[in-house]
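One file, entry-v9.pdb, is given below (PDB, C-alpha atoms and all ligand atoms).
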```pdb
MODEL        1
ATOM      1  CA  MET S   1     -68.265  -0.951 -22.828
ATOM      2  CA  LYS S   2     -69.064   2.066 -20.707
ATOM      3  CA  VAL S   3     -69.561   1.827 -16.944
ATOM      4  CA  THR S   4     -70.081   4.363 -14.183
ATOM      5  CA  LEU S   5     -67.754   4.119 -11.206
ATOM      6  CA  LYS S   6     -69.387   5.567  -8.104
ATOM      7  CA  VAL S   7     -66.301   6.144  -5.985
ATOM      8  CA  TRP S   8     -65.809   7.253  -2.371
ATOM      9  CA  ARG S   9     -63.757  10.468  -2.389
ATOM     10  CA  GLN S  10     -62.145  11.613   0.845
ATOM     11  CA  ALA S  11     -59.385  14.205   0.824
ATOM     12  CA  GLY S  12     -57.897  13.121   4.169
ATOM     13  CA  PRO S  13     -58.574  11.298   7.431
ATOM     14  CA  ARG S  14     -60.976  13.957   8.705
ATOM     15  CA  ASP S  15     -62.723  15.249   5.593
ATOM     16  CA  ALA S  16     -66.222  16.386   6.511
ATOM     17  CA  LYS S  17     -67.106  16.668   2.823
ATOM     18  CA  ALA S  18     -66.253  13.055   1.986
ATOM     19  CA  GLY S  19     -68.776  11.272  -0.181
ATOM     20  CA  PHE S  20     -69.450   9.431  -3.430
ATOM     21  CA  ARG S  21     -68.743  10.866  -6.846
ATOM     22  CA  ARG S  22     -69.762   9.324 -10.175
ATOM     23  CA  TYR S  23     -67.352   8.926 -13.110
ATOM     24  CA  ALA S  24     -68.200   7.480 -16.533
ATOM     25  CA  VAL S  25     -65.336   5.435 -17.973
ATOM     26  CA  ASP S  26     -64.776   3.441 -21.183
ATOM     27  CA  VAL S  27     -63.332  -0.009 -20.479
ATOM     28  CA  THR S  28     -62.810  -3.326 -22.241
ATOM     29  CA  PRO S  29     -63.958  -6.681 -20.800
ATOM     30  CA  ASP S  30     -60.383  -7.961 -20.511
ATOM     31  CA  MET S  31     -59.219  -4.939 -18.534
ATOM     32  CA  SER S  32     -58.549  -5.583 -14.847
ATOM     33  CA  PHE S  33     -60.517  -3.597 -12.287
ATOM     34  CA  LEU S  34     -57.397  -1.646 -11.315
ATOM     35  CA  GLU S  35     -56.662  -0.893 -14.980
ATOM     36  CA  ALA S  36     -60.114   0.676 -15.214
ATOM     37  CA  PHE S  37     -59.018   2.968 -12.367
ATOM     38  CA  ASP S  38     -55.761   3.721 -14.217
ATOM     39  CA  VAL S  39     -57.761   4.741 -17.303
ATOM     40  CA  LEU S  40     -60.090   6.870 -15.195
ATOM     41  CA  ASN S  41     -57.205   8.551 -13.370
ATOM     42  CA  GLU S  42     -55.472   9.403 -16.664
ATOM     43  CA  HIS S  43     -58.728  10.993 -17.819
ATOM     44  CA  ILE S  44     -59.046  12.949 -14.550
ATOM     45  CA  VAL S  45     -55.463  14.236 -14.839
ATOM     46  CA  ARG S  46     -55.939  15.254 -18.499
ATOM     47  CA  ARG S  47     -59.184  17.107 -17.692
ATOM     48  CA  HIS S  48     -58.041  18.603 -14.383
ATOM     49  CA  GLU S  49     -60.166  21.762 -14.766
ATOM     50  CA  GLU S  50     -63.245  19.560 -14.769
ATOM     51  CA  TYR S  51     -62.002  17.395 -11.835
ATOM     52  CA  PRO S  52     -60.376  19.694  -9.250
ATOM     53  CA  GLU S  53     -60.442  16.837  -6.700
ATOM     54  CA  GLY S  54     -57.602  15.172  -8.646
ATOM     55  CA  PRO S  55     -56.941  11.462  -9.316
ATOM     56  CA  ILE S  56     -58.378   8.752  -7.069
ATOM     57  CA  ALA S  57     -55.964   7.351  -4.479
ATOM     58  CA  PHE S  58     -56.040   3.536  -4.234
ATOM     59  CA  ASP S  59     -53.603   0.938  -2.919
ATOM     60  CA  HIS S  60     -51.951  -1.637  -5.178
ATOM     61  CA  ASP S  61     -48.562  -3.231  -5.635
ATOM     62  CA  CYS S  62     -48.141  -6.707  -7.160
ATOM     63  CA  ARG S  63     -51.392  -6.824  -9.181
ATOM     64  CA  GLU S  64     -50.998 -10.623  -9.032
ATOM     65  CA  GLY S  65     -53.017 -11.515  -5.927
ATOM     66  CA  ILE S  66     -49.946 -11.772  -3.713
ATOM     67  CA  CYS S  67     -49.346  -8.576  -1.735
ATOM     68  CA  GLY S  68     -52.826  -7.931  -0.298
ATOM     69  CA  MET S  69     -52.750  -4.200  -1.007
ATOM     70  CA  CYS S  70     -55.743  -3.759  -3.348
ATOM     71  CA  SER S  71     -58.370  -3.062  -0.695
ATOM     72  CA  MET S  72     -61.663  -2.013  -2.295
ATOM     73  CA  VAL S  73     -65.261  -2.830  -1.398
ATOM     74  CA  ILE S  74     -67.008  -3.274  -4.758
ATOM     75  CA  ASP S  75     -70.799  -3.248  -4.802
ATOM     76  CA  GLY S  76     -70.788  -4.056  -1.094
ATOM     77  CA  ARG S  77     -68.322  -6.980  -1.308
ATOM     78  CA  PRO S  78     -64.643  -6.773  -0.342
ATOM     79  CA  HIS S  79     -62.662  -7.550  -3.540
ATOM     80  CA  GLY S  80     -65.858  -7.602  -5.604
ATOM     81  CA  PRO S  81     -68.193 -10.235  -7.049
ATOM     82  CA  TRP S  82     -65.794 -13.080  -7.937
ATOM     83  CA  ALA S  83     -65.091 -15.656  -5.210
ATOM     84  CA  ALA S  84     -61.477 -16.284  -4.160
ATOM     85  CA  THR S  85     -60.257 -13.329  -6.227
ATOM     86  CA  THR S  86     -58.432 -10.167  -5.224
ATOM     87  CA  THR S  87     -59.496  -6.796  -6.683
ATOM     88  CA  CYS S  88     -56.391  -6.754  -8.893
ATOM     89  CA  GLN S  89     -57.414 -10.076 -10.457
ATOM     90  CA  LEU S  90     -61.026  -9.071 -10.994
ATOM     91  CA  HIS S  91     -61.772  -8.206 -14.632
ATOM     92  CA  MET S  92     -64.318  -5.875 -16.159
ATOM     93  CA  ARG S  93     -66.079  -8.825 -17.820
ATOM     94  CA  ALA S  94     -67.604  -9.376 -14.372
ATOM     95  CA  PHE S  95     -69.816  -6.373 -15.197
ATOM     96  CA  LYS S  96     -72.165  -5.379 -18.001
ATOM     97  CA  ASP S  97     -72.203  -2.400 -20.328
ATOM     98  CA  GLY S  98     -74.040   0.426 -18.563
ATOM     99  CA  ASP S  99     -73.484  -0.888 -15.024
ATOM    100  CA  GLU S 100     -72.983   1.487 -12.124
ATOM    101  CA  ILE S 101     -70.349   0.056  -9.773
ATOM    102  CA  THR S 102     -69.991   1.373  -6.223
ATOM    103  CA  VAL S 103     -66.426   1.391  -4.851
ATOM    104  CA  GLU S 104     -65.603   2.144  -1.206
ATOM    105  CA  PRO S 105     -62.622   1.702   1.125
ATOM    106  CA  TRP S 106     -62.486  -0.981   3.837
ATOM    107  CA  ARG S 107     -64.762   0.254   6.636
ATOM    108  CA  ALA S 108     -63.411  -0.576  10.113
ATOM    109  CA  ARG S 109     -62.315   1.483  13.112
ATOM    110  CA  ALA S 110     -58.949  -0.287  13.105
ATOM    111  CA  PHE S 111     -58.423   0.593   9.404
ATOM    112  CA  PRO S 112     -58.835   4.417   9.304
ATOM    113  CA  VAL S 113     -59.162   5.982   5.862
ATOM    114  CA  ILE S 114     -56.053   7.913   4.779
ATOM    115  CA  LYS S 115     -57.377   9.151   1.426
ATOM    116  CA  ASP S 116     -60.144   8.016  -0.944
ATOM    117  CA  LEU S 117     -59.816   4.201  -1.088
ATOM    118  CA  VAL S 118     -56.549   3.953   0.870
ATOM    119  CA  VAL S 119     -56.777   2.770   4.479
ATOM    120  CA  ASP S 120     -54.137   2.426   7.177
ATOM    121  CA  ARG S 121     -53.678  -1.301   7.861
ATOM    122  CA  SER S 122     -50.641  -0.933  10.125
ATOM    123  CA  SER S 123     -52.765  -2.456  12.924
ATOM    124  CA  PHE S 124     -52.183  -5.797  11.131
ATOM    125  CA  ASP S 125     -48.423  -5.145  11.208
ATOM    126  CA  ARG S 126     -48.569  -4.552  14.963
ATOM    127  CA  ILE S 127     -50.459  -7.844  15.464
ATOM    128  CA  GLN S 128     -47.789  -9.643  13.429
ATOM    129  CA  GLN S 129     -45.022  -7.988  15.438
ATOM    130  CA  ALA S 130     -46.625  -9.335  18.630
ATOM    131  CA  GLY S 131     -46.009 -12.968  17.651
ATOM    132  CA  GLY S 132     -46.361 -13.776  13.963
ATOM    133  CA  PHE S 133     -42.787 -14.977  13.582
ATOM    134  CA  ILE S 134     -40.385 -17.755  14.616
ATOM    135  CA  SER S 135     -36.923 -17.379  16.103
ATOM    136  CA  VAL S 136     -34.217 -19.104  14.075
ATOM    137  CA  GLY S 137     -30.450 -18.920  14.021
ATOM    138  CA  THR S 138     -29.062 -17.002  11.088
ATOM    139  CA  GLY S 139     -26.623 -18.558   8.683
ATOM    140  CA  SER S 140     -26.982 -20.787   5.663
ATOM    141  CA  ALA S 141     -30.339 -22.434   5.001
ATOM    142  CA  PRO S 142     -30.683 -25.930   6.552
ATOM    143  CA  ASP S 143     -31.234 -28.947   4.310
ATOM    144  CA  ALA S 144     -34.849 -29.139   3.201
ATOM    145  CA  ASN S 145     -35.358 -32.549   4.882
ATOM    146  CA  ALA S 146     -33.583 -31.662   8.156
ATOM    147  CA  ILE S 147     -36.928 -31.354   9.986
ATOM    148  CA  PRO S 148     -39.416 -33.983   8.752
ATOM    149  CA  ILE S 149     -43.003 -32.706   8.653
ATOM    150  CA  GLY S 150     -46.017 -34.911   7.974
ATOM    151  CA  LYS S 151     -47.803 -34.295   4.666
ATOM    152  CA  ALA S 152     -51.175 -33.506   6.271
ATOM    153  CA  ALA S 153     -49.650 -30.901   8.633
ATOM    154  CA  ALA S 154     -47.512 -29.411   5.843
ATOM    155  CA  ASP S 155     -50.531 -29.084   3.531
ATOM    156  CA  GLN S 156     -52.712 -27.502   6.215
ATOM    157  CA  ALA S 157     -49.958 -25.109   7.323
ATOM    158  CA  PHE S 158     -49.442 -24.121   3.680
ATOM    159  CA  ASP S 159     -53.154 -23.365   3.275
ATOM    160  CA  TYR S 160     -53.026 -20.990   6.260
ATOM    161  CA  ALA S 161     -49.750 -19.466   5.093
ATOM    162  CA  ALA S 162     -51.624 -18.373   1.952
ATOM    163  CA  CYS S 163     -53.175 -15.457   3.926
ATOM    164  CA  ILE S 164     -51.947 -12.250   2.269
ATOM    165  CA  GLY S 165     -53.013  -9.909   5.091
ATOM    166  CA  CYS S 166     -55.402  -8.001   2.851
ATOM    167  CA  GLY S 167     -58.023  -7.272   5.534
ATOM    168  CA  ALA S 168     -61.059  -8.311   3.473
ATOM    169  CA  CYS S 169     -62.139 -10.548   6.365
ATOM    170  CA  VAL S 170     -62.316  -7.493   8.634
ATOM    171  CA  ALA S 171     -64.128  -5.401   6.014
ATOM    172  CA  ALA S 172     -66.732  -8.142   5.487
ATOM    173  CA  CYS S 173     -67.406  -8.828   9.167
ATOM    174  CA  PRO S 174     -70.262  -6.925  10.867
ATOM    175  CA  ASN S 175     -68.062  -6.819  13.995
ATOM    176  CA  ALA S 176     -64.908  -5.841  12.056
ATOM    177  CA  SER S 177     -63.267  -8.879  13.613
ATOM    178  CA  ALA S 178     -59.707  -9.856  12.688
ATOM    179  CA  MET S 179     -60.082 -13.418  13.989
ATOM    180  CA  LEU S 180     -59.702 -15.058  10.558
ATOM    181  CA  PHE S 181     -56.453 -13.198   9.870
ATOM    182  CA  VAL S 182     -55.015 -13.916  13.331
ATOM    183  CA  GLY S 183     -56.319 -17.490  13.167
ATOM    184  CA  ALA S 184     -54.506 -18.063   9.867
ATOM    185  CA  LYS S 185     -51.222 -16.755  11.290
ATOM    186  CA  VAL S 186     -51.495 -18.701  14.567
ATOM    187  CA  ALA S 187     -52.647 -21.936  12.878
ATOM    188  CA  HIS S 188     -49.904 -21.782  10.243
ATOM    189  CA  LEU S 189     -47.116 -21.695  12.836
ATOM    190  CA  ALA S 190     -48.805 -23.944  15.448
ATOM    191  CA  LEU S 191     -48.905 -26.759  12.870
ATOM    192  CA  LEU S 192     -45.160 -26.696  12.209
ATOM    193  CA  PRO S 193     -42.281 -27.832  14.466
ATOM    194  CA  GLN S 194     -40.524 -24.503  13.864
ATOM    195  CA  GLY S 195     -43.477 -22.695  15.457
ATOM    196  CA  GLN S 196     -43.429 -24.574  18.775
ATOM    197  CA  VAL S 197     -40.870 -22.481  20.673
ATOM    198  CA  GLU S 198     -43.007 -19.331  20.874
ATOM    199  CA  ARG S 199     -46.345 -21.136  20.489
ATOM    200  CA  ARG S 200     -47.882 -20.037  23.782
ATOM    201  CA  GLN S 201     -46.600 -16.464  23.818
ATOM    202  CA  ARG S 202     -47.496 -16.017  20.145
ATOM    203  CA  VAL S 203     -51.240 -16.484  20.555
ATOM    204  CA  LEU S 204     -51.401 -14.537  23.823
ATOM    205  CA  GLY S 205     -49.456 -11.615  22.373
ATOM    206  CA  MET S 206     -51.326 -11.447  19.073
ATOM    207  CA  VAL S 207     -54.763 -11.599  20.683
ATOM    208  CA  VAL S 208     -53.895  -8.847  23.194
ATOM    209  CA  VAL S 209     -52.793  -6.534  20.364
ATOM    210  CA  MET S 210     -55.784  -7.518  18.203
ATOM    211  CA  ASP S 211     -58.141  -6.425  20.986
ATOM    212  CA  ALA S 212     -56.158  -3.256  21.761
ATOM    213  CA  GLU S 213     -56.282  -2.192  18.088
ATOM    214  CA  GLY S 214     -60.088  -2.095  18.209
ATOM    215  CA  PHE S 215     -61.058  -5.156  16.169
ATOM    216  CA  GLY S 216     -64.355  -6.750  17.223
ATOM    217  CA  GLY S 217     -65.010 -10.276  18.429
ATOM    218  CA  CYS S 218     -66.153 -13.206  16.287
ATOM    219  CA  THR S 219     -69.850 -14.099  16.473
ATOM    220  CA  SER S 220     -69.667 -16.772  13.757
ATOM    221  CA  HIS S 221     -71.325 -14.908  10.866
ATOM    222  CA  GLY S 222     -68.872 -16.484   8.414
ATOM    223  CA  GLU S 223     -68.719 -13.384   6.195
ATOM    224  CA  CYS S 224     -64.922 -13.397   6.565
ATOM    225  CA  GLU S 225     -64.557 -16.844   5.018
ATOM    226  CA  ALA S 226     -66.837 -15.876   2.109
ATOM    227  CA  ALA S 227     -64.837 -12.703   1.394
ATOM    228  CA  CYS S 228     -61.351 -14.189   1.757
ATOM    229  CA  PRO S 229     -59.539 -14.231  -1.600
ATOM    230  CA  LYS S 230     -57.279 -17.037  -0.371
ATOM    231  CA  GLU S 231     -60.108 -19.253   0.917
ATOM    232  CA  ILE S 232     -58.903 -19.331   4.526
ATOM    233  CA  ASP S 233     -61.582 -21.388   6.283
ATOM    234  CA  LEU S 234     -63.358 -20.829   9.585
ATOM    235  CA  ASP S 235     -61.380 -23.734  11.106
ATOM    236  CA  ALA S 236     -58.585 -21.163  11.506
ATOM    237  CA  ILE S 237     -60.745 -19.427  14.121
ATOM    238  CA  SER S 238     -61.416 -22.742  15.911
ATOM    239  CA  ILE S 239     -57.665 -23.408  16.000
ATOM    240  CA  LEU S 240     -57.060 -19.868  17.302
ATOM    241  CA  ASN S 241     -59.606 -20.353  20.104
ATOM    242  CA  GLY S 242     -58.088 -23.738  21.034
ATOM    243  CA  GLU S 243     -54.572 -22.293  21.078
ATOM    244  CA  LEU S 244     -55.736 -19.348  23.200
ATOM    245  CA  ILE S 245     -57.466 -21.551  25.783
ATOM    246  CA  ALA S 246     -54.470 -23.911  26.011
ATOM    247  CA  ALA S 247     -51.989 -21.043  26.348
ATOM    248  CA  THR S 248     -54.118 -19.291  28.986
ATOM    249  CA  LEU S 249     -54.499 -22.449  31.095
ATOM    250  CA  ARG S 250     -50.780 -23.233  30.880
ATOM    251  CA  ASN S 251     -49.949 -19.670  31.923
ATOM    252  CA  GLU S 252     -51.998 -19.852  35.112
TER     253      GLU S 252
HETATM  254  S1  LIG M 301     -57.667 -14.278   6.158
HETATM  255 FE1  LIG M 301     -58.142 -13.934   3.947
HETATM  256  S2  LIG M 301     -59.329 -12.019   3.939
HETATM  257 FE2  LIG M 301     -58.277 -12.109   5.919
HETATM  258  S3  LIG M 301     -56.334 -11.014   5.659
HETATM  259 FE3  LIG M 301     -55.906 -13.190   5.222
HETATM  260  S4  LIG M 301     -56.192 -13.393   2.997
HETATM  261 FE4  LIG M 301     -57.162 -11.444   3.553
HETATM  262  S1  LIG M 302     -52.290  -5.595  -5.820
HETATM  263 FE1  LIG M 302     -51.272  -7.210  -4.748
HETATM  264  S2  LIG M 302     -52.878  -8.556  -4.173
HETATM  265 FE2  LIG M 302     -53.879  -7.058  -5.410
ENDMDL
END
```

Starting from the coordinates I provided, produce the structure as structure tokens.
Amino acid sequence: MKVTLKVWRQAGPRDAKAGFRRYAVDVTPDMSFLEAFDVLNEHIVRRHEEYPEGPIAFDHDCREGICGMCSMVIDGRPHGPWAATTTCQLHMRAFKDGDEITVEPWRARAFPVIKDLVVDRSSFDRIQQAGGFISVGTGSAPDANAIPIGKAAADQAFDYAACIGCGACVAACPNASAMLFVGAKVAHLALLPQGQVERRQRVLGMVVVMDAEGFGGCTSHGECEAACPKEIDLDAISILNGELIAATLRNE
């Protein structure tokens, strides 16, 4: 099948000539979306006189839905048309022969474009550094049953731990809010005994950095939940708000 990829091209962070460019590419239905970009980039490199702008820069690493790197808005949806699926796990059978597919980077002030489809998501790293960890003694791993954890809490914490930090929630939100991401991190650790020591400082620190990085507030649109490839639910934001109120009151 032949599709047209209408791709955002931007030479650098401040490229006044940035814009869309169309590329026709031959693909197979079982090709992944990123493989279609590999094929296109090989074509661009081979025909470099025709394409002086060079190959398209895009982020990827694991290509297994684990690392959260493959940040592309595809036909207006972060990670494309399949629910609960990262861009790297999207396949070309999601499209039809002759389709034109629009591909853009995440659009958010806190995720500035570096080049083409690559954005700088180090703002998420700084939020994590402000509290998304637990303090433990180093040494050999403790026995697995040394700290008993109820099944319900373990299951819920595991669901929130599934967040891969991809940023699709921010890209989908009209306010570019990072509340679902921060909610997943805070909820994951608040549910576990290991997360209790820094519980109060964690939520206060992460929310301060989240605001300072320029992410917007949550106004309950729910677009984040719909775009999340790991199906993090909006309850994460309720837990975040509860943790924030409790920590603020206890700090006064
Ligand atoms: S909450 Fe979902 S969409 Fe947001 S960063 Fe985590 S995995 Fe990605
Ligand atoms: S490349 Fe790792 S999640 Fe897509």

- Task: Excluding S:Met92 and any residue of its chain fewer than 2 positions from it, enumerate the residues within 6 Å of it, using only C-alpha atoms, and give them as a ChimeraX atom specification.
- Result: /S:29,31-33,94-95

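Considering all atoms listed in the file, every residue of the polymer chains approaching ligand LIG 302 (chain M) to 6 Å or closer is listed here: His60, Asp61, Cys62, Arg63, Glu64, Gly65, Ile66, Cys67, Gly68, Met69, Cys70, Thr86, Thr87 and Cys88 of chain S.
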
Selected residues written out, C-alpha atoms, as a compact mmCIF listing (two decimals), in the coordinates of the input:
```
# COMPACT_ATOMS: atom_id res chain seq x y z
CA HIS S 60 -51.95 -1.64 -5.18
CA ASP S 61 -48.56 -3.23 -5.64
CA CYS S 62 -48.14 -6.71 -7.16
CA ARG S 63 -51.39 -6.82 -9.18
CA GLU S 64 -51.00 -10.62 -9.03
CA GLY S 65 -53.02 -11.52 -5.93
CA ILE S 66 -49.95 -11.77 -3.71
CA CYS S 67 -49.35 -8.58 -1.74
CA GLY S 68 -52.83 -7.93 -0.30
CA MET S 69 -52.75 -4.20 -1.01
CA CYS S 70 -55.74 -3.76 -3.35
CA THR S 86 -58.43 -10.17 -5.22
CA THR S 87 -59.50 -6.80 -6.68
CA CYS S 88 -56.39 -6.75 -8.89
```

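Going from atom CA of S:Arg46 over to atom CA of S:Arg9, you cover 18.5 Å.
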
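Summary of the local environment: counting all atoms listed in the file, residues at most 8 Å from S:Ala83, other than itself and those fewer than 6 positions away along its chain, are S:Ala226, S:Ala227, S:Pro229.
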
- Within-8 Å residues of ligand LIG 301 (chain M), basis all atoms listed in the file, as JSON, numbers by chain: {"S": [68, 162, 163, 164, 165, 166, 167, 168, 169, 170, 178, 180, 181, 182, 183, 184, 224, 225, 227, 228, 229, 230, 231, 232]}

Generate the coordinates of N, CA, C and O atoms for stretch 44-67 of chain S; report them as a compact mmCIF listing (two decimals), keeping the file's coordinate frame.
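Output (rebuild01.txt):
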```txt
# COMPACT_ATOMS: atom_id res chain seq x y z
N ILE S 44 -58.89 11.89 -15.56
CA ILE S 44 -59.05 12.95 -14.55
C ILE S 44 -57.86 13.92 -14.61
O ILE S 44 -58.03 15.14 -14.53
N VAL S 45 -56.66 13.37 -14.79
CA VAL S 45 -55.46 14.24 -14.84
C VAL S 45 -55.49 15.10 -16.10
O VAL S 45 -55.18 16.31 -16.04
N ARG S 46 -55.89 14.48 -17.23
CA ARG S 46 -55.94 15.25 -18.50
C ARG S 46 -56.97 16.38 -18.43
O ARG S 46 -56.77 17.45 -18.97
N ARG S 47 -58.09 16.12 -17.75
CA ARG S 47 -59.18 17.11 -17.69
C ARG S 47 -59.24 17.72 -16.29
O ARG S 47 -60.31 17.76 -15.67
N HIS S 48 -58.11 18.19 -15.79
CA HIS S 48 -58.04 18.60 -14.38
C HIS S 48 -58.93 19.80 -14.05
O HIS S 48 -59.33 19.96 -12.90
N GLU S 49 -59.27 20.63 -15.08
CA GLU S 49 -60.17 21.76 -14.77
C GLU S 49 -61.54 21.24 -14.37
O GLU S 49 -62.22 21.79 -13.51
N GLU S 50 -61.93 20.15 -15.02
CA GLU S 50 -63.24 19.56 -14.77
C GLU S 50 -63.27 18.77 -13.45
O GLU S 50 -64.32 18.58 -12.84
N TYR S 51 -62.08 18.26 -13.03
CA TYR S 51 -62.00 17.40 -11.84
C TYR S 51 -60.99 17.98 -10.85
O TYR S 51 -59.88 17.45 -10.69
N PRO S 52 -61.34 19.07 -10.16
CA PRO S 52 -60.38 19.69 -9.25
C PRO S 52 -59.98 18.79 -8.08
O PRO S 52 -58.96 19.02 -7.43
N GLU S 53 -60.77 17.75 -7.82
CA GLU S 53 -60.44 16.84 -6.70
C GLU S 53 -59.24 15.95 -7.01
O GLU S 53 -58.69 15.30 -6.12
N GLY S 54 -58.81 15.93 -8.29
CA GLY S 54 -57.60 15.17 -8.65
C GLY S 54 -57.86 13.68 -8.77
O GLY S 54 -58.98 13.20 -8.59
N PRO S 55 -56.79 12.91 -9.12
CA PRO S 55 -56.94 11.46 -9.32
C PRO S 55 -57.32 10.73 -8.03
O PRO S 55 -57.09 11.22 -6.93
N ILE S 56 -57.90 9.56 -8.21
CA ILE S 56 -58.38 8.75 -7.07
C ILE S 56 -57.21 7.97 -6.47
O ILE S 56 -56.49 7.25 -7.19
N ALA S 57 -57.02 8.11 -5.16
CA ALA S 57 -55.96 7.35 -4.48
C ALA S 57 -56.47 5.94 -4.16
O ALA S 57 -57.56 5.79 -3.58
N PHE S 58 -55.71 4.93 -4.59
CA PHE S 58 -56.04 3.54 -4.23
C PHE S 58 -54.75 2.75 -4.07
O PHE S 58 -53.73 3.05 -4.68
N ASP S 59 -54.80 1.74 -3.21
CA ASP S 59 -53.60 0.94 -2.92
C ASP S 59 -53.45 -0.20 -3.91
O ASP S 59 -54.44 -0.84 -4.30
N HIS S 60 -52.24 -0.49 -4.32
CA HIS S 60 -51.95 -1.64 -5.18
C HIS S 60 -50.44 -1.80 -5.18
O HIS S 60 -49.70 -0.88 -4.90
N ASP S 61 -50.00 -3.01 -5.49
CA ASP S 61 -48.56 -3.23 -5.64
C ASP S 61 -48.32 -4.33 -6.65
O ASP S 61 -48.04 -4.06 -7.81
N CYS S 62 -48.53 -5.61 -6.26
CA CYS S 62 -48.14 -6.71 -7.16
C CYS S 62 -49.07 -6.86 -8.36
O CYS S 62 -48.64 -7.26 -9.43
N ARG S 63 -50.34 -6.58 -8.17
CA ARG S 63 -51.39 -6.82 -9.18
C ARG S 63 -51.41 -8.28 -9.62
O ARG S 63 -51.75 -8.60 -10.75
N GLU S 64 -51.02 -9.18 -8.74
CA GLU S 64 -51.00 -10.62 -9.03
C GLU S 64 -51.65 -11.43 -7.92
O GLU S 64 -51.44 -12.64 -7.83
N GLY S 65 -52.36 -10.78 -7.00
CA GLY S 65 -53.02 -11.52 -5.93
C GLY S 65 -52.08 -11.97 -4.83
O GLY S 65 -52.40 -12.91 -4.10
N ILE S 66 -50.95 -11.31 -4.68
CA ILE S 66 -49.95 -11.77 -3.71
C ILE S 66 -49.76 -10.82 -2.53
O ILE S 66 -49.60 -11.25 -1.39
N CYS S 67 -49.78 -9.52 -2.78
CA CYS S 67 -49.35 -8.58 -1.74
C CYS S 67 -50.46 -8.18 -0.77
O CYS S 67 -50.19 -7.75 0.35
```
